[in-house]
$ cat coords-v8.tsv   # TSV, C-alpha atoms and all ligand atoms
chain	number	residue	atom	x	y	z
U	21	MET	CA	7.77	19.57	7.90
U	22	PRO	CA	6.31	16.14	6.94
U	23	ALA	CA	8.37	14.07	4.54
U	24	PRO	CA	7.09	14.29	0.94
U	25	VAL	CA	4.96	11.33	-0.13
U	26	THR	CA	6.69	9.41	-2.89
U	27	GLY	CA	6.37	6.10	-4.74
U	28	VAL	CA	3.05	4.27	-5.05
U	29	LEU	CA	1.62	6.08	-2.01
U	30	ALA	CA	1.71	9.33	-3.99
U	31	ASP	CA	-1.07	7.97	-6.23
U	32	LEU	CA	-3.51	7.60	-3.33
U	33	GLU	CA	-6.19	10.18	-2.65
U	34	ARG	CA	-6.40	8.95	0.93
U	35	ILE	CA	-5.59	6.03	3.18
U	36	LEU	CA	-8.64	4.07	4.32
U	37	LEU	CA	-6.98	1.46	6.54
U	38	THR	CA	-3.46	1.60	7.95
U	39	PRO	CA	-1.22	-1.47	8.17
U	40	GLU	CA	-1.77	-1.49	11.95
U	41	GLN	CA	-5.58	-1.43	11.60
U	42	ILE	CA	-5.45	-4.25	9.04
U	43	GLN	CA	-3.10	-6.41	11.11
U	44	SER	CA	-5.08	-6.07	14.31
U	45	ARG	CA	-8.38	-6.92	12.59
U	46	VAL	CA	-6.83	-9.89	10.77
U	47	ALA	CA	-5.52	-11.23	14.11
U	48	ALA	CA	-9.01	-10.88	15.64
U	49	MET	CA	-10.58	-12.71	12.68
U	50	ALA	CA	-8.05	-15.51	13.12
U	51	ALA	CA	-8.84	-15.78	16.85
U	52	GLU	CA	-12.51	-16.32	16.00
U	53	LEU	CA	-11.57	-18.97	13.40
U	54	ASN	CA	-9.31	-20.73	15.92
U	55	ARG	CA	-12.28	-21.01	18.29
U	56	HIS	CA	-14.66	-22.13	15.54
U	57	TYR	CA	-12.39	-24.78	13.99
U	58	ALA	CA	-10.73	-26.09	17.19
U	59	GLY	CA	-9.82	-29.76	16.72
U	60	LYS	CA	-10.52	-29.74	12.98
U	61	VAL	CA	-8.44	-29.71	9.82
U	62	VAL	CA	-9.37	-26.78	7.59
U	63	SER	CA	-9.21	-26.67	3.80
U	64	VAL	CA	-8.70	-23.06	2.83
U	65	LEU	CA	-9.65	-22.06	-0.70
U	66	ALA	CA	-8.15	-18.64	-1.38
U	67	LEU	CA	-9.02	-16.51	-4.38
U	68	MET	CA	-6.01	-15.11	-6.12
U	69	ASP	CA	-4.51	-12.68	-6.66
U	70	GLY	CA	-6.36	-10.17	-4.49
U	71	ALA	CA	-6.57	-12.27	-1.31
U	72	LEU	CA	-2.87	-13.16	-1.33
U	73	PHE	CA	-1.73	-10.81	1.44
U	74	PHE	CA	-4.87	-11.26	3.57
U	75	VAL	CA	-4.58	-15.05	3.40
U	76	ALA	CA	-0.83	-15.03	4.07
U	77	ASP	CA	-1.33	-12.92	7.21
U	78	LEU	CA	-4.50	-14.66	8.43
U	79	LEU	CA	-3.16	-18.20	8.03
U	80	ARG	CA	-0.07	-17.44	10.08
U	81	HIS	CA	-2.36	-16.81	13.07
U	82	LEU	CA	-4.30	-20.07	12.67
U	83	ASP	CA	-3.31	-22.87	15.02
U	84	MET	CA	-5.24	-25.83	13.53
U	85	PRO	CA	-3.87	-27.94	10.65
U	86	VAL	CA	-4.56	-26.14	7.37
U	87	ARG	CA	-4.50	-27.23	3.74
U	88	LEU	CA	-4.19	-24.34	1.33
U	89	TYR	CA	-5.68	-24.30	-2.16
U	90	THR	CA	-5.64	-21.29	-4.45
U	91	LEU	CA	-7.82	-20.42	-7.36
U	92	SER	CA	-7.71	-17.53	-9.80
U	93	ALA	CA	-11.08	-15.89	-10.21
U	94	SER	CA	-11.87	-12.47	-11.55
U	95	SER	CA	-14.92	-10.42	-12.33
U	96	TYR	CA	-13.23	-7.05	-12.86
U	97	HIS	CA	-10.94	-7.85	-15.78
U	98	GLY	CA	-8.82	-4.71	-15.33
U	99	GLY	CA	-11.46	-2.00	-14.77
U	100	THR	CA	-12.93	-0.44	-11.63
U	101	ALA	CA	-16.39	-2.06	-11.85
U	102	SER	CA	-17.53	-5.68	-12.00
U	103	SER	CA	-18.01	-7.09	-15.51
U	104	GLY	CA	-20.88	-9.27	-14.26
U	105	GLN	CA	-19.07	-12.43	-15.35
U	106	VAL	CA	-16.82	-14.60	-13.23
U	107	ARG	CA	-13.83	-16.26	-14.85
U	108	MET	CA	-12.15	-19.04	-12.91
U	109	ASN	CA	-9.83	-21.97	-13.55
U	110	TRP	CA	-11.11	-24.82	-11.35
U	111	PRO	CA	-8.27	-27.37	-11.31
U	112	ALA	CA	-9.25	-30.87	-12.45
U	113	GLY	CA	-9.51	-33.15	-9.44
U	114	LEU	CA	-10.04	-30.39	-6.85
U	115	ASP	CA	-12.77	-31.91	-4.68
U	116	PHE	CA	-13.83	-30.81	-1.19
U	117	ARG	CA	-16.23	-33.64	-0.39
U	118	GLY	CA	-16.32	-34.24	3.36
U	119	GLN	CA	-13.86	-31.42	4.17
U	120	ASP	CA	-14.25	-28.33	6.33
U	121	VAL	CA	-13.84	-25.59	3.77
U	122	LEU	CA	-13.02	-21.95	4.43
U	123	LEU	CA	-13.40	-19.79	1.33
U	124	LEU	CA	-11.41	-16.54	1.50
U	125	ASP	CA	-11.44	-13.46	-0.71
U	126	ASP	CA	-10.19	-9.91	-0.45
U	127	ILE	CA	-13.43	-8.01	-0.95
U	128	LEU	CA	-17.16	-8.54	-1.29
U	129	ASP	CA	-18.65	-6.19	-3.86
U	130	THR	CA	-21.55	-7.39	-6.04
U	131	GLY	CA	-21.36	-10.83	-4.42
U	132	LEU	CA	-21.12	-12.54	-7.78
U	133	THR	CA	-17.67	-14.09	-7.36
U	134	LEU	CA	-18.31	-15.58	-3.93
U	135	SER	CA	-21.80	-16.80	-4.74
U	136	VAL	CA	-20.49	-18.66	-7.81
U	137	LEU	CA	-17.62	-20.13	-5.78
U	138	ARG	CA	-19.80	-21.01	-2.79
U	139	ASP	CA	-22.28	-22.83	-5.02
U	140	LYS	CA	-19.45	-24.69	-6.73
U	141	VAL	CA	-17.93	-25.85	-3.40
U	142	ALA	CA	-21.34	-26.59	-1.83
U	143	ALA	CA	-22.18	-28.87	-4.77
U	144	GLN	CA	-19.22	-31.04	-3.78
U	145	GLN	CA	-20.81	-31.70	-0.38
U	146	PRO	CA	-18.11	-30.48	2.02
U	147	ALA	CA	-18.57	-31.29	5.73
U	148	SER	CA	-18.90	-27.53	6.33
U	149	LEU	CA	-18.47	-24.31	4.38
U	150	ARG	CA	-17.61	-20.89	5.74
U	151	THR	CA	-16.66	-17.71	3.87
U	152	GLY	CA	-14.49	-14.80	4.95
U	153	VAL	CA	-13.50	-11.51	3.37
U	154	LEU	CA	-11.30	-8.72	4.60
U	155	LEU	CA	-13.58	-6.02	3.18
U	156	ALA	CA	-17.28	-5.77	2.34
U	157	LYS	CA	-18.69	-2.81	0.44
U	158	LYS	CA	-21.89	-1.28	1.80
U	159	ARG	CA	-23.99	-1.71	-1.31
U	160	GLU	CA	-26.70	-3.86	-2.77
U	161	ARG	CA	-25.55	-7.35	-3.79
U	162	VAL	CA	-26.33	-8.60	-7.30
U	163	ARG	CA	-26.33	-12.10	-5.85
U	164	ASP	CA	-27.18	-12.99	-2.26
U	165	VAL	CA	-24.23	-14.64	-0.62
U	166	VAL	CA	-23.60	-15.83	2.93
U	167	VAL	CA	-20.35	-14.41	4.33
U	168	GLU	CA	-19.71	-15.35	7.94
U	169	ASP	CA	-16.50	-13.37	8.50
U	170	ILE	CA	-16.11	-9.73	7.48
U	171	GLY	CA	-13.04	-7.70	8.44
U	172	PHE	CA	-14.26	-4.19	7.65
U	173	GLU	CA	-17.38	-2.74	6.08
U	174	ILE	CA	-16.41	0.08	3.73
U	175	GLU	CA	-18.22	2.61	1.54
U	176	ASP	CA	-18.83	1.73	-2.11
U	177	GLU	CA	-15.51	3.04	-3.45
U	178	PHE	CA	-12.77	1.40	-5.49
U	179	VAL	CA	-9.87	0.47	-3.21
U	180	VAL	CA	-6.31	-0.68	-3.80
U	181	GLY	CA	-3.45	-2.04	-1.72
U	182	TYR	CA	-2.78	-5.03	0.53
U	183	GLY	CA	-3.18	-7.35	-2.46
U	184	MET	CA	-5.80	-5.39	-4.38
U	185	ASP	CA	-4.84	-3.84	-7.70
U	186	TYR	CA	-5.79	-1.33	-10.31
U	187	GLN	CA	-4.60	-2.62	-13.68
U	188	GLY	CA	-1.99	-4.77	-12.00
U	189	ARG	CA	-0.53	-2.03	-9.78
U	190	PHE	CA	-0.71	-1.15	-6.07
U	191	ARG	CA	-0.94	-4.72	-4.71
U	192	ASN	CA	2.26	-4.19	-2.73
U	193	LEU	CA	0.93	-1.27	-0.63
U	194	PRO	CA	0.87	-2.28	3.06
U	195	CYS	CA	-2.20	-0.08	3.58
U	196	ILE	CA	-5.57	0.06	1.79
U	197	GLY	CA	-6.45	3.29	0.07
U	198	ILE	CA	-8.58	5.15	-2.42
U	199	LEU	CA	-6.93	6.01	-5.73
U	200	ASN	CA	-6.37	9.57	-6.82
U	201	PRO	CA	-8.88	10.17	-9.67
U	202	ALA	CA	-6.01	11.57	-11.74
W	1	LIG	P1	-17.81	-9.25	-6.76
W	1	LIG	O1	-17.86	-10.49	-7.59
W	1	LIG	O2	-18.29	-9.40	-5.34
W	1	LIG	O3	-18.47	-8.09	-7.46
W	1	LIG	O4	-16.34	-8.77	-6.73
W	1	LIG	C1	-15.38	-9.39	-6.02
W	1	LIG	C2	-14.05	-9.28	-6.71
W	1	LIG	O5	-13.90	-8.05	-7.43
W	1	LIG	C3	-12.97	-9.27	-5.67
W	1	LIG	O6	-12.43	-10.57	-5.56
W	1	LIG	C4	-11.95	-8.31	-6.23
W	1	LIG	O7	-11.02	-9.02	-7.00
W	1	LIG	C5	-12.71	-7.41	-7.14
W	1	LIG	N1	-13.02	-6.10	-6.51
W	1	LIG	C6	-14.22	-5.70	-6.02
W	1	LIG	N2	-14.16	-4.46	-5.52
W	1	LIG	C7	-12.88	-4.06	-5.69
W	1	LIG	C8	-12.17	-2.85	-5.35
W	1	LIG	O8	-12.68	-1.88	-4.79
W	1	LIG	N3	-10.85	-2.82	-5.67
W	1	LIG	C9	-10.19	-3.86	-6.27
W	1	LIG	N4	-8.90	-3.72	-6.53
W	1	LIG	N5	-10.84	-5.01	-6.60
W	1	LIG	C10	-12.15	-5.10	-6.31
W	2	MG	MG	-10.73	-11.09	-6.57
$ encode --input "coords-v8.tsv" --output "structure tokens"
Amino acid sequence: MPAPVTGVLADLERILLTPEQIQSRVAAMAAELNRHYAGKVVSVLALMDGALFFVADLLRHLDMPVRLYTLSASSYHGGTASSGQVRMNWPAGLDFRGQDVLLLDDILDTGLTLSVLRDKVAAQQPASLRTGVLLAKKRERVRDVVVEDIGFEIEDEFVVGYGMDYQGRFRNLPCIGILNPA
């Protein structure tokens, strides 16, 4: 008899990506970045809080020198659909002029967050700019955005786990799953 599912996992309707699937894809993404950035210093700009686990795992596989910057940006504001407005707190003095910038987020949905961020960084004239996400939803984008690195393409469903929350919960799940409607 399988062990009963308890704790936060009990609130999931189903598991979309297991910890093993996530870890092996993240390692493959890092291998590609190691090839691309060989010999360079990379300035990583990570969007908090959702990308926390993805960035922590990905960066530990990178073998070039890395500077890490974090930024809080949100477009969901607690619900399960984008509000259409991006809030962010760009720190005074944060300037990427002349740097090789890698912008990282957990998930690409409408494209609004990353297009706003990409434009903001691009305006500072970095030496190069590349964007990566762990997940990309198969849906129309509200804003066109270039994303060079995509971990997994997923259906247009609200996901939680591995850093992603619903009203502040579920970030600590090691897997990524779909919430139980109840
Ligand atoms: P976009 O601006 O592309 O619509 O949304 C990107 C942001 O919305 C992500 O950084 C993430 O914080 C949030 N988001 C989008 N889809 C989901 C989802 O399915 N689950 C969770 N927890 N957050 C999401
Ligand atoms: Mg986010």
$ atom_distance --input "coords-v8.tsv" --atom1 "CA of Val25 (chain U)" --atom2 "atom MG of ligand MG 2 (chain W)"
28.1 Å
$ atom_distance --input "coords-v8.tsv" --atom1 "CA of Lys157 (chain U)" --atom2 "CA of Leu78 (chain U)"
20.1 Å
$ atom_distance --input "coords-v8.tsv" --atom1 "CA of Val28 (chain U)" --atom2 "CA of Leu132 (chain U)"
29.6 Å
$ residues_near_ligand --input "coords-v8.tsv" --ligand "ligand LIG 1 (chain W)" --cutoff "9 Å" --atoms "all atoms listed in the file" --output "ChimeraX atom specification"
/U:67-71,93-106,125-136,155-157,161-163,176-181,183-188,190-191,198
$ closest_residue --input "coords-v8.tsv" --among "U:Leu72, U:Leu53, U:Met84, U:Ile35" --to "ligand MG 2 (chain W)" --atoms "all atoms listed in the file"
U:Leu72
$ residues_around --input "coords-v8.tsv" --residues "Leu37 (chain U)" --least-positions-apart "4" --cutoff "8 Å" --atoms "only C-alpha atoms" --output "PDB file with C-alpha atoms, keeping the file's coordinate frame"
ATOM      1  CA  GLN U  41      -5.580  -1.430  11.600  1.00  0.00           C
ATOM      2  CA  ILE U  42      -5.450  -4.250   9.040  1.00  0.00           C
ATOM      3  CA  CYS U 195      -2.200  -0.080   3.580  1.00  0.00           C
ATOM      4  CA  ILE U 196      -5.570   0.060   1.790  1.00  0.00           C
ATOM      5  CA  GLY U 197      -6.450   3.290   0.070  1.00  0.00           C
TER       6      GLY U 197
END
$ closest_residue --input "coords-v8.tsv" --among "U:Leu91, U:Glu168, U:Ala47, U:His56" --to "ligand MG 2 (chain W)" --atoms "only C-alpha atoms and all ligand atoms"
U:Leu91
$ residues_near_point --input "coords-v8.tsv" --point "(-5.3, -19.3, -16.2)" --cutoff "8 Å" --atoms "all atoms listed in the file" --output "number ranges by chain"
U: 92, 108-109
$ closest_residue --input "coords-v8.tsv" --among "U:Leu36, U:Asp31, U:Leu154, U:Trp110" --to "ligand MG 2 (chain W)" --atoms "only C-alpha atoms and all ligand atoms"
U:Leu154
$ closest_residue --input "coords-v8.tsv" --among "U:Phe116, U:Ser148, U:Thr90, U:Pro194" --to "ligand MG 2 (chain W)" --atoms "all atoms listed in the file"
U:Thr90
$ closest_residue --input "coords-v8.tsv" --among "U:Ile174, U:Ala66, U:Val86, U:Ala112" --to "ligand MG 2 (chain W)" --atoms "all atoms listed in the file"
U:Ala66
$ closest_residue --input "coords-v8.tsv" --among "U:Gly113, U:Ser63, U:Leu88, U:Leu124" --to "ligand MG 2 (chain W)" --atoms "all atoms listed in the file"
U:Leu124
$ residues_near_point --input "coords-v8.tsv" --point "(-7.2, -21.4, 15.5)" --cutoff "8 Å" --atoms "only C-alpha atoms" --output "number ranges by chain"
U: 50-58, 81-84
$ residues_around --input "coords-v8.tsv" --residues "Asp169 (chain U)" --least-positions-apart "2" --cutoff "7 Å" --atoms "all atoms listed in the file" --output "PDB file with C-alpha atoms, keeping the file's coordinate frame"
ATOM      1  CA  THR U 151     -16.660 -17.710   3.870  1.00  0.00           C
ATOM      2  CA  GLY U 152     -14.490 -14.800   4.950  1.00  0.00           C
ATOM      3  CA  VAL U 153     -13.500 -11.510   3.370  1.00  0.00           C
ATOM      4  CA  VAL U 167     -20.350 -14.410   4.330  1.00  0.00           C
ATOM      5  CA  GLY U 171     -13.040  -7.700   8.440  1.00  0.00           C
TER       6      GLY U 171
END
$ build_atoms --input "coords-v8.tsv" --residues "region 76-87 of chain U" --atoms "all heavy atoms" --output "mmCIF file, in the frame of the given file"
data_model
loop_
_atom_site.group_PDB
_atom_site.id
_atom_site.type_symbol
_atom_site.label_atom_id
_atom_site.label_comp_id
_atom_site.auth_asym_id
_atom_site.auth_seq_id
_atom_site.Cartn_x
_atom_site.Cartn_y
_atom_site.Cartn_z
ATOM 1 N N ALA U 76 -2.168 -14.780 3.512
ATOM 2 C CA ALA U 76 -0.830 -15.030 4.070
ATOM 3 C C ALA U 76 -0.783 -14.579 5.530
ATOM 4 O O ALA U 76 -0.241 -15.273 6.389
ATOM 5 C CB ALA U 76 0.226 -14.300 3.252
ATOM 6 N N ASP U 77 -1.352 -13.423 5.833
ATOM 7 C CA ASP U 77 -1.330 -12.920 7.210
ATOM 8 C C ASP U 77 -2.284 -13.706 8.108
ATOM 9 O O ASP U 77 -1.936 -14.074 9.223
ATOM 10 C CB ASP U 77 -1.686 -11.428 7.241
ATOM 11 C CG ASP U 77 -0.530 -10.568 6.723
ATOM 12 O OD1 ASP U 77 0.615 -11.060 6.725
ATOM 13 O OD2 ASP U 77 -0.779 -9.416 6.319
ATOM 14 N N LEU U 78 -3.496 -13.951 7.623
ATOM 15 C CA LEU U 78 -4.500 -14.660 8.430
ATOM 16 C C LEU U 78 -4.024 -16.072 8.793
ATOM 17 O O LEU U 78 -4.109 -16.499 9.951
ATOM 18 C CB LEU U 78 -5.820 -14.738 7.658
ATOM 19 C CG LEU U 78 -6.993 -15.364 8.407
ATOM 20 C CD1 LEU U 78 -7.650 -14.316 9.312
ATOM 21 C CD2 LEU U 78 -8.039 -15.931 7.453
ATOM 22 N N LEU U 79 -3.522 -16.797 7.803
ATOM 23 C CA LEU U 79 -3.160 -18.200 8.030
ATOM 24 C C LEU U 79 -2.025 -18.349 9.043
ATOM 25 O O LEU U 79 -1.939 -19.359 9.744
ATOM 26 C CB LEU U 79 -2.806 -18.893 6.713
ATOM 27 C CG LEU U 79 -3.971 -19.695 6.108
ATOM 28 C CD1 LEU U 79 -5.189 -18.835 5.877
ATOM 29 C CD2 LEU U 79 -3.563 -20.411 4.844
ATOM 30 N N ARG U 80 -1.164 -17.336 9.124
ATOM 31 C CA ARG U 80 -0.070 -17.440 10.080
ATOM 32 C C ARG U 80 -0.530 -17.297 11.525
ATOM 33 O O ARG U 80 0.219 -17.568 12.448
ATOM 34 C CB ARG U 80 1.031 -16.426 9.743
ATOM 35 C CG ARG U 80 1.924 -16.979 8.631
ATOM 36 C CD ARG U 80 2.992 -16.027 8.229
ATOM 37 N NE ARG U 80 2.440 -14.930 7.440
ATOM 38 C CZ ARG U 80 3.174 -13.980 6.906
ATOM 39 N NH1 ARG U 80 4.480 -13.965 7.103
ATOM 40 N NH2 ARG U 80 2.614 -13.039 6.181
ATOM 41 N N HIS U 81 -1.788 -16.864 11.717
ATOM 42 C CA HIS U 81 -2.360 -16.810 13.070
ATOM 43 C C HIS U 81 -3.186 -18.050 13.400
ATOM 44 O O HIS U 81 -3.672 -18.178 14.515
ATOM 45 C CB HIS U 81 -3.283 -15.597 13.227
ATOM 46 C CG HIS U 81 -2.573 -14.284 13.239
ATOM 47 N ND1 HIS U 81 -1.788 -13.869 14.285
ATOM 48 C CD2 HIS U 81 -2.559 -13.279 12.333
ATOM 49 C CE1 HIS U 81 -1.324 -12.652 14.016
ATOM 50 N NE2 HIS U 81 -1.780 -12.276 12.836
ATOM 51 N N LEU U 82 -3.432 -18.913 12.414
ATOM 52 C CA LEU U 82 -4.300 -20.070 12.670
ATOM 53 C C LEU U 82 -3.491 -21.185 13.335
ATOM 54 O O LEU U 82 -2.355 -21.452 12.946
ATOM 55 C CB LEU U 82 -4.933 -20.585 11.374
ATOM 56 C CG LEU U 82 -5.874 -19.613 10.669
ATOM 57 C CD1 LEU U 82 -6.512 -20.280 9.448
ATOM 58 C CD2 LEU U 82 -6.955 -19.090 11.616
ATOM 59 N N ASP U 83 -4.094 -21.833 14.340
ATOM 60 C CA ASP U 83 -3.310 -22.870 15.020
ATOM 61 C C ASP U 83 -3.830 -24.281 14.775
ATOM 62 O O ASP U 83 -3.322 -25.230 15.356
ATOM 63 C CB ASP U 83 -3.126 -22.555 16.513
ATOM 64 C CG ASP U 83 -4.418 -22.194 17.207
ATOM 65 O OD1 ASP U 83 -5.469 -22.700 16.772
ATOM 66 O OD2 ASP U 83 -4.368 -21.418 18.179
ATOM 67 N N MET U 84 -4.817 -24.468 13.878
ATOM 68 C CA MET U 84 -5.240 -25.830 13.530
ATOM 69 C C MET U 84 -4.508 -26.233 12.240
ATOM 70 O O MET U 84 -3.954 -25.383 11.545
ATOM 71 C CB MET U 84 -6.771 -25.882 13.335
ATOM 72 C CG MET U 84 -7.290 -25.354 12.022
ATOM 73 S SD MET U 84 -7.110 -23.574 11.778
ATOM 74 C CE MET U 84 -8.399 -22.883 12.772
ATOM 75 N N PRO U 85 -4.485 -27.546 11.918
ATOM 76 C CA PRO U 85 -3.870 -27.940 10.650
ATOM 77 C C PRO U 85 -4.655 -27.352 9.467
ATOM 78 O O PRO U 85 -5.889 -27.389 9.468
ATOM 79 C CB PRO U 85 -3.972 -29.471 10.661
ATOM 80 C CG PRO U 85 -4.298 -29.853 12.059
ATOM 81 C CD PRO U 85 -4.994 -28.696 12.690
ATOM 82 N N VAL U 86 -3.927 -26.828 8.500
ATOM 83 C CA VAL U 86 -4.560 -26.140 7.370
ATOM 84 C C VAL U 86 -4.012 -26.692 6.055
ATOM 85 O O VAL U 86 -2.812 -26.903 5.930
ATOM 86 C CB VAL U 86 -4.264 -24.616 7.446
ATOM 87 C CG1 VAL U 86 -4.615 -23.922 6.144
ATOM 88 C CG2 VAL U 86 -5.018 -23.977 8.602
ATOM 89 N N ARG U 87 -4.928 -26.957 5.116
ATOM 90 C CA ARG U 87 -4.500 -27.230 3.740
ATOM 91 C C ARG U 87 -4.852 -25.993 2.941
ATOM 92 O O ARG U 87 -5.947 -25.460 3.089
ATOM 93 C CB ARG U 87 -5.288 -28.405 3.134
ATOM 94 C CG ARG U 87 -5.067 -29.738 3.800
ATOM 95 C CD ARG U 87 -5.687 -30.834 2.906
ATOM 96 N NE ARG U 87 -5.741 -32.097 3.604
ATOM 97 C CZ ARG U 87 -6.817 -32.541 4.268
ATOM 98 N NH1 ARG U 87 -7.939 -31.836 4.294
ATOM 99 N NH2 ARG U 87 -6.785 -33.696 4.884
#
